[in-house]
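**Q** Please find data.tsv (TSV, C-alpha atoms) on the next line:
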chain	number	residue	atom	x	y	z
A	26	MET	CA	9.87	-30.27	-8.10
A	27	ILE	CA	7.75	-29.03	-5.23
A	28	CYS	CA	9.53	-25.67	-5.58
A	29	LEU	CA	8.48	-25.46	-9.22
A	30	SER	CA	4.83	-26.14	-8.45
A	31	LEU	CA	4.97	-23.60	-5.59
A	32	PHE	CA	6.43	-21.08	-8.02
A	33	LEU	CA	3.76	-21.77	-10.65
A	34	SER	CA	0.89	-21.62	-8.15
A	35	PHE	CA	1.98	-18.30	-6.73
A	36	LEU	CA	2.69	-17.00	-10.22
A	37	GLN	CA	-1.02	-17.48	-10.93
A	38	ILE	CA	-1.96	-15.79	-7.65
A	39	GLY	CA	0.28	-12.84	-8.51
A	40	LEU	CA	-1.07	-12.65	-12.04
A	41	PHE	CA	-4.78	-12.76	-11.28
A	42	SER	CA	-5.16	-10.83	-8.03
A	43	PHE	CA	-6.22	-7.35	-9.06
A	44	GLY	CA	-6.94	-4.82	-6.37
A	45	GLY	CA	-4.64	-6.32	-3.75
A	46	GLY	CA	-5.23	-7.72	-0.28
A	47	TYR	CA	-8.60	-9.28	0.18
A	48	ALA	CA	-9.09	-9.90	-3.54
A	49	ALA	CA	-6.15	-12.30	-3.40
A	50	MET	CA	-7.51	-14.34	-0.49
A	51	PRO	CA	-9.95	-16.64	-2.40
A	52	LEU	CA	-7.28	-17.24	-5.07
A	53	ILE	CA	-4.73	-18.24	-2.44
A	54	GLN	CA	-7.24	-20.52	-0.77
A	55	GLU	CA	-8.05	-22.24	-4.05
A	56	GLN	CA	-4.40	-22.88	-4.95
A	57	VAL	CA	-3.08	-23.75	-1.52
A	58	VAL	CA	-5.97	-25.60	0.14
A	59	THR	CA	-8.26	-26.91	-2.60
A	60	LEU	CA	-5.93	-27.68	-5.49
A	61	HIS	CA	-2.67	-28.73	-3.85
A	62	GLY	CA	-3.60	-29.48	-0.25
A	63	TRP	CA	-0.45	-27.78	1.06
A	64	LEU	CA	-2.41	-26.38	4.00
A	65	SER	CA	-5.51	-27.58	5.84
A	66	MET	CA	-8.44	-25.19	6.11
A	67	GLU	CA	-7.62	-24.56	9.80
A	68	THR	CA	-4.00	-23.70	9.04
A	69	PHE	CA	-5.21	-21.42	6.26
A	70	ALA	CA	-7.44	-19.60	8.76
A	71	ASP	CA	-4.39	-19.20	11.02
A	72	LEU	CA	-2.45	-17.84	8.07
A	73	VAL	CA	-5.12	-15.19	7.49
A	74	THR	CA	-4.94	-14.17	11.16
A	75	ILE	CA	-1.14	-14.00	11.04
A	76	SER	CA	-1.26	-11.94	7.85
A	77	GLU	CA	-3.53	-9.43	9.51
A	78	MET	CA	-1.13	-9.17	12.46
A	79	THR	CA	2.12	-8.85	10.52
A	80	PRO	CA	3.26	-6.24	8.02
A	81	GLY	CA	3.30	-6.91	4.30
A	82	PRO	CA	0.84	-8.03	1.64
A	83	ILE	CA	-1.15	-11.20	2.28
A	84	ALA	CA	0.09	-12.84	-0.94
A	85	VAL	CA	3.73	-12.44	0.11
A	86	ASN	CA	2.92	-13.62	3.63
A	87	ALA	CA	1.08	-16.66	2.28
A	88	ALA	CA	3.93	-17.45	-0.12
A	89	THR	CA	6.48	-17.44	2.68
A	90	PHE	CA	4.27	-19.41	5.04
A	91	VAL	CA	3.25	-22.10	2.56
A	92	GLY	CA	6.75	-22.29	1.08
A	93	THR	CA	8.39	-22.74	4.49
A	94	GLN	CA	5.85	-25.37	5.56
A	95	THR	CA	6.20	-27.48	2.41
A	96	ALA	CA	9.80	-27.05	1.23
A	97	GLY	CA	11.72	-24.96	3.75
A	98	PHE	CA	13.57	-21.78	2.85
A	99	ALA	CA	13.95	-22.71	-0.84
A	100	GLY	CA	10.18	-23.14	-1.05
A	101	ALA	CA	9.60	-19.73	0.54
A	102	VAL	CA	11.90	-18.08	-2.00
A	103	ALA	CA	10.34	-19.92	-4.96
A	104	ALA	CA	6.78	-19.06	-3.92
A	105	THR	CA	7.58	-15.40	-3.16
A	106	LEU	CA	9.41	-15.02	-6.46
A	107	GLY	CA	6.35	-16.40	-8.23
A	108	CYS	CA	3.95	-14.00	-6.58
A	109	VAL	CA	5.98	-10.82	-7.16
A	110	LEU	CA	7.19	-11.58	-10.70
A	111	PRO	CA	3.97	-10.59	-12.56
A	112	SER	CA	3.73	-7.37	-10.50
A	113	CYS	CA	7.27	-6.39	-11.36
A	114	LEU	CA	6.84	-7.01	-15.07
A	115	PHE	CA	3.51	-5.19	-15.38
A	116	VAL	CA	4.48	-2.26	-13.22
A	117	THR	CA	7.85	-1.80	-14.93
A	118	LEU	CA	6.16	-1.79	-18.32
A	119	LEU	CA	3.51	0.72	-17.21
A	120	ALA	CA	6.09	2.90	-15.45
A	121	PHE	CA	8.26	2.98	-18.59
A	122	ILE	CA	5.28	4.01	-20.72
A	123	TYR	CA	4.38	6.62	-18.10
A	124	THR	CA	7.90	8.09	-18.05
A	125	ARG	CA	8.11	8.22	-21.84
A	126	CYS	CA	4.67	9.62	-22.58
A	127	ARG	CA	3.62	11.72	-19.64
A	128	SER	CA	4.44	15.01	-21.37
A	129	LEU	CA	1.77	14.31	-24.02
A	130	PRO	CA	-1.12	16.74	-23.44
A	131	ILE	CA	-3.80	14.03	-23.58
A	132	LEU	CA	-2.01	11.94	-20.97
A	133	GLN	CA	-1.44	14.99	-18.76
A	134	GLN	CA	-5.15	15.72	-18.73
A	135	THR	CA	-5.96	12.07	-18.08
A	136	LEU	CA	-3.53	11.89	-15.18
A	137	ALA	CA	-4.87	15.16	-13.76
A	138	SER	CA	-8.33	13.58	-13.58
A	139	LEU	CA	-6.92	10.33	-12.24
A	140	ARG	CA	-5.09	11.86	-9.26
A	141	PRO	CA	-8.18	12.92	-7.26
A	142	ALA	CA	-9.59	9.39	-7.69
A	143	VAL	CA	-6.35	7.93	-6.30
A	144	VAL	CA	-6.52	10.29	-3.31
A	145	SER	CA	-10.03	9.09	-2.54
A	146	MET	CA	-8.86	5.44	-2.73
A	147	ILE	CA	-6.19	6.25	-0.13
A	148	ALA	CA	-8.83	8.04	1.96
A	149	LYS	CA	-11.04	4.96	1.81
A	150	ALA	CA	-8.20	2.73	3.04
A	151	GLY	CA	-7.52	5.14	5.91
A	152	LEU	CA	-11.16	5.36	6.94
A	153	THR	CA	-11.50	1.56	6.91
A	154	ILE	CA	-8.57	1.25	9.32
A	155	LEU	CA	-9.92	4.02	11.57
A	156	ILE	CA	-13.35	2.39	11.81
A	157	SER	CA	-11.81	-0.92	12.83
A	158	ALA	CA	-9.69	0.96	15.39
A	159	PHE	CA	-12.38	3.18	16.91
A	160	PHE	CA	-15.27	0.71	17.09
A	161	LEU	CA	-14.87	-2.43	19.13
A	162	ASP	CA	-17.05	-4.62	16.92
A	163	GLY	CA	-15.64	-3.15	13.71
A	164	THR	CA	-18.94	-1.67	12.52
A	165	ALA	CA	-19.57	2.05	12.78
A	166	SER	CA	-22.54	1.81	15.16
A	167	LEU	CA	-22.55	4.79	17.49
A	168	ILE	CA	-23.36	3.10	20.79
A	169	ARG	CA	-21.32	4.31	23.76
A	170	GLU	CA	-20.05	0.80	24.68
A	171	ASN	CA	-18.90	0.20	21.13
A	172	ILE	CA	-16.61	3.25	20.92
A	173	SER	CA	-13.02	2.98	22.09
A	174	VAL	CA	-12.25	6.43	23.55
A	175	ARG	CA	-8.64	5.43	24.21
A	176	MET	CA	-8.03	4.74	20.52
A	177	ILE	CA	-9.50	8.12	19.61
A	178	VAL	CA	-7.05	9.72	22.07
A	179	TRP	CA	-4.10	7.87	20.49
A	180	PHE	CA	-5.33	8.95	17.05
A	181	ALA	CA	-5.63	12.62	18.05
A	182	ALA	CA	-2.20	12.58	19.71
A	183	ALA	CA	-0.66	10.90	16.66
A	184	LEU	CA	-2.22	13.44	14.31
A	185	PHE	CA	-0.91	16.29	16.46
A	186	LEU	CA	2.63	14.85	16.50
A	187	LEU	CA	2.57	14.29	12.74
A	188	ARG	CA	1.20	17.66	11.69
A	189	LYS	CA	2.38	20.13	14.31
A	190	LYS	CA	5.61	18.50	15.50
A	191	LYS	CA	6.51	16.88	12.13
A	192	TRP	CA	7.49	13.62	13.79
A	193	ASN	CA	8.58	10.60	11.76
A	194	PRO	CA	5.40	8.62	10.82
A	195	ILE	CA	6.94	5.26	11.70
A	196	LEU	CA	7.94	6.52	15.13
A	197	VAL	CA	4.37	7.79	15.68
A	198	MET	CA	2.88	4.44	14.60
A	199	ALA	CA	5.20	2.46	16.86
A	200	LEU	CA	4.46	4.82	19.75
A	201	CYS	CA	0.71	4.22	19.40
A	202	GLY	CA	1.35	0.47	19.61
A	203	ILE	CA	3.57	0.83	22.68
A	204	CYS	CA	1.03	3.09	24.44
A	205	GLU	CA	-1.82	0.62	23.88
A	206	ALA	CA	0.29	-2.37	24.98
A	207	ALA	CA	1.46	-0.49	28.09
A	208	PHE	CA	-2.12	0.47	28.91
A	209	CYS	CA	-3.24	-3.16	28.67
A	210	ALA	CA	-0.37	-4.28	30.89
A	211	VAL	CA	-1.28	-1.88	33.71
B	3	MET	CA	14.62	7.68	-18.20
B	4	GLU	CA	16.48	7.67	-14.92
B	5	ILE	CA	16.53	10.83	-12.84
B	6	PHE	CA	20.13	10.32	-11.78
B	7	GLN	CA	23.55	10.20	-13.46
B	8	LYS	CA	25.36	6.87	-13.77
B	9	LYS	CA	27.92	7.56	-11.03
B	10	GLN	CA	25.21	8.48	-8.54
B	11	ARG	CA	23.41	5.23	-9.23
B	12	LEU	CA	24.82	2.96	-6.56
B	13	PRO	CA	24.11	5.24	-3.58
B	14	VAL	CA	20.62	5.89	-4.97
B	15	LEU	CA	19.91	2.16	-5.33
B	16	LEU	CA	21.23	1.53	-1.85
B	17	ARG	CA	19.03	4.24	-0.40
B	18	LEU	CA	16.04	2.95	-2.38
B	19	PHE	CA	16.63	-0.52	-0.97
B	20	THR	CA	17.14	0.55	2.65
B	21	SER	CA	14.11	2.91	2.53
B	22	THR	CA	11.69	0.30	1.20
B	23	LEU	CA	13.17	-2.29	3.58
B	24	TYR	CA	12.50	-0.01	6.53
B	25	LEU	CA	9.06	1.13	5.35
B	26	SER	CA	7.88	-2.34	4.42
B	27	ALA	CA	8.54	-3.57	7.96
B	28	PHE	CA	5.86	-1.14	9.15
B	29	THR	CA	3.14	-1.47	6.53
B	30	PHE	CA	0.41	-2.82	8.75
B	31	GLY	CA	-3.09	-2.49	7.40
B	32	GLY	CA	-2.82	-2.84	3.65
B	33	GLY	CA	-1.03	-1.61	0.59
B	34	TYR	CA	-1.98	2.05	0.78
B	35	VAL	CA	-0.05	2.46	4.02
B	36	ILE	CA	3.23	1.92	2.18
B	37	VAL	CA	2.10	4.42	-0.47
B	38	THR	CA	1.75	7.13	2.18
B	39	LEU	CA	5.12	6.16	3.69
B	40	LEU	CA	6.78	6.15	0.25
B	41	LYS	CA	5.35	9.63	-0.29
B	42	ASN	CA	6.77	10.79	3.04
B	43	THR	CA	10.22	9.47	2.15
B	44	PHE	CA	10.68	10.05	-1.57
B	45	VAL	CA	8.56	13.20	-2.02
B	46	ASP	CA	8.89	15.08	1.26
B	47	LYS	CA	12.30	13.94	2.51
B	48	TYR	CA	14.49	13.21	-0.53
B	49	HIS	CA	12.55	15.26	-3.16
B	50	TRP	CA	13.27	12.63	-5.81
B	51	ILE	CA	9.77	12.75	-7.30
B	52	SER	CA	6.83	15.17	-7.06
B	53	GLU	CA	3.57	14.56	-5.25
B	54	GLU	CA	1.75	14.37	-8.61
B	55	GLU	CA	4.17	11.70	-9.84
B	56	MET	CA	3.62	9.75	-6.62
B	57	LEU	CA	-0.15	9.75	-7.28
B	58	ASP	CA	0.37	8.68	-10.90
B	59	LEU	CA	2.62	5.84	-9.77
B	60	THR	CA	0.00	4.82	-7.21
B	61	ALA	CA	-2.56	4.59	-10.01
B	62	ILE	CA	-0.11	2.37	-11.92
B	63	ALA	CA	0.38	0.21	-8.81
B	64	GLN	CA	-3.36	-0.17	-8.48
B	65	SER	CA	-3.92	-0.97	-12.15
B	66	ALA	CA	-1.38	-3.80	-12.35
B	67	PRO	CA	-2.14	-7.23	-10.87
B	68	GLY	CA	-0.59	-8.21	-7.54
B	69	ALA	CA	-0.17	-6.63	-4.13
B	70	VAL	CA	-0.42	-2.82	-4.09
B	71	ALA	CA	2.51	-2.54	-1.65
B	72	VAL	CA	4.90	-4.47	-3.92
B	73	ASN	CA	3.59	-2.69	-7.03
B	74	GLY	CA	3.96	0.72	-5.38
B	75	ALA	CA	7.56	-0.01	-4.45
B	76	ALA	CA	8.26	-1.32	-7.97
B	77	ALA	CA	6.71	1.73	-9.64
B	78	VAL	CA	8.67	4.20	-7.51
B	79	GLY	CA	11.86	2.15	-8.01
B	80	CYS	CA	11.37	2.14	-11.78
B	81	ARG	CA	10.72	5.88	-11.93
B	82	ILE	CA	13.78	6.68	-9.81
B	83	ALA	CA	16.37	4.23	-11.15
B	84	GLY	CA	14.93	2.08	-13.95
B	85	ILE	CA	15.06	-1.71	-13.84
B	86	PRO	CA	17.84	-1.88	-11.20
B	87	GLY	CA	15.57	0.38	-9.14
B	88	VAL	CA	12.68	-2.08	-9.48
B	89	LEU	CA	14.89	-4.90	-8.23
B	90	ALA	CA	16.27	-2.87	-5.31
B	91	SER	CA	12.89	-1.61	-4.10
B	92	VAL	CA	10.99	-4.89	-4.60
B	93	LEU	CA	13.72	-6.80	-2.74
B	94	GLY	CA	13.45	-4.24	0.05
B	95	ALA	CA	9.67	-4.53	0.13
B	96	VAL	CA	9.63	-8.33	0.21
B	97	ILE	CA	12.39	-9.16	2.72
B	98	PRO	CA	10.64	-7.88	5.90
B	99	PRO	CA	7.37	-9.83	5.47
B	100	MET	CA	9.41	-12.92	4.48
B	101	ALA	CA	11.66	-12.68	7.51
B	102	ILE	CA	8.78	-11.99	9.91
B	103	LEU	CA	6.58	-14.76	8.50
B	104	SER	CA	9.45	-17.27	8.67
B	105	LEU	CA	9.90	-16.46	12.35
B	106	VAL	CA	6.20	-16.41	13.14
B	107	SER	CA	5.41	-19.66	11.30
B	108	LEU	CA	7.72	-21.44	13.74
B	109	CYS	CA	5.66	-20.44	16.76
B	110	TYR	CA	2.40	-18.99	15.47
B	111	THR	CA	0.09	-20.25	18.19
B	112	VAL	CA	2.10	-18.34	20.82
B	113	PHE	CA	2.21	-15.28	18.60
B	114	CYS	CA	-1.53	-15.22	17.84
B	115	SER	CA	-2.64	-15.65	21.44
B	116	ASN	CA	-0.24	-13.17	23.09
B	117	PRO	CA	-2.39	-10.34	24.52
B	118	TRP	CA	0.47	-7.80	24.49
B	119	ILE	CA	1.17	-8.32	20.82
B	120	SER	CA	-2.49	-7.98	19.89
B	121	ALA	CA	-2.82	-4.82	22.05
B	122	ALA	CA	0.23	-3.25	20.39
B	123	LEU	CA	-1.06	-4.13	16.92
B	124	ASN	CA	-4.45	-2.70	17.80
B	125	GLY	CA	-2.86	0.53	19.04
B	126	MET	CA	-0.83	0.81	15.86
B	127	LYS	CA	-4.07	0.98	13.87
B	128	ALA	CA	-4.74	4.40	15.43
B	129	GLY	CA	-1.25	5.53	14.36
B	130	VAL	CA	-1.62	4.11	10.84
B	131	GLY	CA	-4.99	5.85	10.53
B	132	ALA	CA	-3.39	9.14	11.62
B	133	VAL	CA	-0.56	8.81	9.07
B	134	ILE	CA	-3.05	8.20	6.25
B	135	THR	CA	-5.35	11.00	7.46
B	136	SER	CA	-2.45	13.44	7.45
B	137	VAL	CA	-1.33	12.51	3.92
B	138	VAL	CA	-4.90	12.57	2.58
B	139	TRP	CA	-5.41	15.98	4.17
B	140	ASP	CA	-2.33	17.38	2.38
B	141	MET	CA	-3.22	15.82	-0.96
B	142	SER	CA	-6.90	16.71	-1.01
B	143	SER	CA	-6.33	20.30	0.12
B	144	ARG	CA	-3.91	20.68	-2.81
B	145	ILE	CA	-6.57	19.39	-5.17
B	146	VAL	CA	-9.25	21.69	-3.75
B	147	ARG	CA	-6.89	24.70	-3.93
B	148	SER	CA	-5.86	23.91	-7.53
B	149	LYS	CA	-8.88	25.98	-8.69
B	150	ASP	CA	-10.17	23.23	-10.96
B	151	PRO	CA	-13.67	22.38	-9.68
B	152	ALA	CA	-13.81	19.25	-11.88
B	153	ASN	CA	-10.94	17.69	-9.92
B	154	THR	CA	-12.63	18.46	-6.60
B	155	LEU	CA	-15.80	16.90	-7.97
B	156	ILE	CA	-13.89	13.73	-9.01
B	157	LEU	CA	-12.38	13.56	-5.52
B	158	ILE	CA	-15.77	13.71	-3.78
B	159	LEU	CA	-17.65	11.58	-6.31
B	160	SER	CA	-15.08	8.77	-6.45
B	161	PHE	CA	-14.92	8.63	-2.66
B	162	CYS	CA	-18.72	8.41	-2.38
B	163	LEU	CA	-18.91	5.76	-5.11
B	164	CYS	CA	-16.36	3.45	-3.49
B	165	TRP	CA	-17.36	4.09	0.13
B	166	PHE	CA	-21.15	4.17	-0.09
B	167	GLY	CA	-21.68	2.50	-3.46
B	168	GLY	CA	-19.13	-0.28	-3.00
B	169	VAL	CA	-17.87	0.26	-6.55
B	170	ASN	CA	-14.68	-1.60	-7.48
B	171	VAL	CA	-11.48	0.46	-7.24
B	172	ILE	CA	-10.34	-0.45	-10.75
B	173	CYS	CA	-13.69	0.67	-12.23
B	174	ILE	CA	-13.32	4.05	-10.51
B	175	ILE	CA	-9.76	4.51	-11.78
B	176	LEU	CA	-10.82	3.60	-15.31
B	177	ALA	CA	-13.82	5.95	-15.14
B	178	ALA	CA	-11.66	8.85	-13.92
B	179	ALA	CA	-9.14	8.17	-16.69
B	180	ALA	CA	-11.93	8.04	-19.30
B	181	PHE	CA	-13.28	11.34	-18.03
B	182	GLY	CA	-9.81	12.85	-18.41
B	183	VAL	CA	-9.51	11.61	-22.01
B	184	LEU	CA	-12.94	13.01	-22.92
B	185	ARG	CA	-12.13	16.29	-21.26
B	186	SER	CA	-8.87	16.68	-23.12
B	187	LEU	CA	-10.53	15.82	-26.45
B	188	HIS	CA	-13.24	18.35	-25.71
B	189	ALA	CA	-10.66	21.02	-24.79
B	190	LYS	CA	-8.79	20.34	-28.04
B	191	LYS	CA	-11.98	20.71	-30.07
B	192	GLY	CA	-12.84	23.93	-28.28
B	193	GLY	CA	-9.30	25.18	-28.85
B	194	SER	CA	-9.31	24.55	-32.60
B	195	ALA	CA	-12.77	26.09	-33.01
B	196	ALA	CA	-11.72	29.29	-31.26
Go through the file and emit its structure as structure tokens.
**A**
Amino acid sequence: MICLSLFLSFLQIGLFSFGGGYAAMPLIQEQVVTLHGWLSMETFADLVTISEMTPGPIAVNAATFVGTQTAGFAGAVAATLGCVLPSCLFVTLLAFIYTRCRSLPILQQTLASLRPAVVSMIAKAGLTILISAFFLDGTASLIRENISVRMIVWFAAALFLLRKKKWNPILVMALCGICEAAFCAV
Amino acid sequence: MEIFQKKQRLPVLLRLFTSTLYLSAFTFGGGYVIVTLLKNTFVDKYHWISEEEMLDLTAIAQSAPGAVAVNGAAAVGCRIAGIPGVLASVLGAVIPPMAILSLVSLCYTVFCSNPWISAALNGMKAGVGAVITSVVWDMSSRIVRSKDPANTLILILSFCLCWFGGVNVICIILAAAAFGVLRSLHAKKGGSAA
């Protein structure tokens, strides 16, 4: 029974969170803390911290966390299934339409105008991450004490390895993490 | 609709699953990170889809509700291998965060306060930023070199609107799509008049 209500709650979260990540947060809070009381507000704050520190979308992280806490592994599976089901259905439908119709001239022109906008969305995501990496307080204020020179060095080295040496991106990302951890240990 | 023949299907599904499984374990910092990693794998390494298709599928991922990372994996899976592809890639995308969260939820106070873990995660931001910068550099230089000034204008304008103007991502995608529709209607009219 608890698994069913977990599934239904996360189904709503999956269905109504447009724009990913931080848009989903208030929805998750409403379902998990306010409506059902599965987590306390403090535990929810911990969950947000953990989500920022671990890979994967916050909705999937929250589903696993809440599911495990309330109904063990079965709960985690039920909640995760609920939160990815709407995505899968919508995306499959759109992708089918795309595959069938993309040779239509009107759709080709539309997609050609859409692509630059998508590139700039990706650029925005990248710049947001870089600002939180380069500036200690997370805001782009150009005061000497606020700028992390070490992070800029890691970034430049990573960019060099990616573009000139054609290294595997995941290896480069992991290497940046290891370098920073090693530097803090010394 | 599938790109591959029936007999090739199983190895393709397996590769789809293992790729998204591996990539999803490293998507720190939001959904667009997995989009750049998917592009690296399926466009640059395996050549299963083109860069343009990857961008179209990203727009689809952004337009549907739910997490962009899961949607991106589902869209690529669907394009490459139909509904079995969706299942393979979504399963791959979901297992790593589930496994990691299950482990972390057992001992999250230790995990959150460990200085080494937070230093490593902080350092990875620089790497993630570099991966995205590199992909954006490739994609935007292709758009600028495509000799269509309107597309370059959309690139610059949409970036300014969402970065400085704080305009919602979905509004920008819809506006760009509407512009494309108008432009194609206009081109058709011009074509029939000539």
**Q** List as a ChimeraX atom specification: which residues have an atom within 12 Å of (6.7, 4.4, 14.1), counting all atoms listed in the file?
**A** /A:183,186-187,192-204 /B:24-30,39,122-123,125-130,132-133
**Q** Ranking B:Leu103, B:Leu40, B:Leu157, B:Cys173 by minimum distance to Val73 in chain A and counting only C-alpha atoms, which one comes first?
**A**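 Using only C-alpha atoms, the shortest distance to Val73 in chain A belongs to B:Leu103.
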**Q** Of the candidates B:Arg147, B:Glu55, B:Ser120, B:Asn170, which shows the shortest atom-to-atom distance to Arg140 in chain A, using only C-alpha atoms?
**A**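 Using only C-alpha atoms, Arg140 in chain A sits closest to B:Glu55.
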**Q** Work out how far apart CA of Thr124 in chain A and CA of Ala148 in chain A are and give it in Å to one decimal.
**A**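 These atoms are spaced 26.1 Å apart.
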**Q** Can you list, as a ChimeraX atom specification, every protein, DNA or RNA residue that comes within 9 Å of range 74-82 of chain A when you count all atoms listed in the file, leaving out same-chain residues fewer than 5 positions away?
**A** /A:45-46,69,87 /B:26-33,69-72,95-96,98-100,102-103,106-107,110,113-114,119-120,123
**Q** Which one is closest to Thr105 in chain A: B:Ala61, B:Ile51, B:Val35, B:Ala101? Count all atoms listed in the file.
**A**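 Using all atoms listed in the file, the shortest distance to Thr105 in chain A belongs to B:Ala101.
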**Q** Closest to Met176 in chain A among A:Gln94, A:Ser157, A:Ser30, A:Thr59, using all atoms listed in the file?
**A**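 Ranked by minimum distance to Met176 in chain A, first place goes to A:Ser157.
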**Q** Around (6.1, 1.2, -8.3) in the file's own coordinates, what residues are found within 10 Å if you use all atoms listed in the file, given back as an mmCIF file with C-alpha atoms, in the frame of the given file?
**A**
data_model
loop_
_atom_site.group_PDB
_atom_site.id
_atom_site.type_symbol
_atom_site.label_atom_id
_atom_site.label_comp_id
_atom_site.auth_asym_id
_atom_site.auth_seq_id
_atom_site.Cartn_x
_atom_site.Cartn_y
_atom_site.Cartn_z
ATOM 1 C CA SER A 112 3.730 -7.370 -10.500
ATOM 2 C CA CYS A 113 7.270 -6.390 -11.360
ATOM 3 C CA PHE A 115 3.510 -5.190 -15.380
ATOM 4 C CA VAL A 116 4.480 -2.260 -13.220
ATOM 5 C CA THR A 117 7.850 -1.800 -14.930
ATOM 6 C CA LEU A 119 3.510 0.720 -17.210
ATOM 7 C CA ALA A 120 6.090 2.900 -15.450
ATOM 8 C CA VAL B 37 2.100 4.420 -0.470
ATOM 9 C CA LEU B 40 6.780 6.150 0.250
ATOM 10 C CA MET B 56 3.620 9.750 -6.620
ATOM 11 C CA ASP B 58 0.370 8.680 -10.900
ATOM 12 C CA LEU B 59 2.620 5.840 -9.770
ATOM 13 C CA THR B 60 0.000 4.820 -7.210
ATOM 14 C CA ALA B 61 -2.560 4.590 -10.010
ATOM 15 C CA ILE B 62 -0.110 2.370 -11.920
ATOM 16 C CA ALA B 63 0.380 0.210 -8.810
ATOM 17 C CA GLN B 64 -3.360 -0.170 -8.480
ATOM 18 C CA ALA B 66 -1.380 -3.800 -12.350
ATOM 19 C CA VAL B 70 -0.420 -2.820 -4.090
ATOM 20 C CA ALA B 71 2.510 -2.540 -1.650
ATOM 21 C CA VAL B 72 4.900 -4.470 -3.920
ATOM 22 C CA ASN B 73 3.590 -2.690 -7.030
ATOM 23 C CA GLY B 74 3.960 0.720 -5.380
ATOM 24 C CA ALA B 75 7.560 -0.010 -4.450
ATOM 25 C CA ALA B 76 8.260 -1.320 -7.970
ATOM 26 C CA ALA B 77 6.710 1.730 -9.640
ATOM 27 C CA VAL B 78 8.670 4.200 -7.510
ATOM 28 C CA GLY B 79 11.860 2.150 -8.010
ATOM 29 C CA CYS B 80 11.370 2.140 -11.780
ATOM 30 C CA ARG B 81 10.720 5.880 -11.930
ATOM 31 C CA ILE B 82 13.780 6.680 -9.810
ATOM 32 C CA GLY B 87 15.570 0.380 -9.140
ATOM 33 C CA VAL B 88 12.680 -2.080 -9.480
ATOM 34 C CA SER B 91 12.890 -1.610 -4.100
ATOM 35 C CA VAL B 92 10.990 -4.890 -4.600
#
**Q** B:Phe19, B:Glu54, B:Tyr34, B:Ser115: which is nearest Ala83 in chain B, counting only C-alpha atoms?
**A**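 Of B:Phe19, B:Glu54, B:Tyr34, B:Ser115, the one nearest Ala83 in chain B is B:Phe19, counting only C-alpha atoms.
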**Q** Record the distance separating CA of Arg185 in chain B and CA of Pro151 in chain B, expressed in Å with one decimal.
**A** 13.2 Å
**Q** Kindly indicate which residue among B:Gly68, B:Gly167, B:Gly84, B:Pro117 lies nearest to chain A, using all atoms listed in the file for the distances.
**A**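 Counting all atoms listed in the file, the residue closest to chain A is B:Gly68.
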**Q** Quick one: pull the distance between CA of Pro111 in chain A and CA of Asp46 in chain B, Å, one decimal.
**A**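 Distance reported for this atom pair: 29.6 Å.
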**Q** Axis-aligned box over every listed atom of range 65-81 of chain B, padded by 4 Å per side: centre and edges in Å to one decimal, as lines of an AutoDock Vina configuration file?
**A**
center_x = 4.0
center_y = -1.2
center_z = -7.0
size_x = 23.8
size_y = 22.1
size_z = 18.7
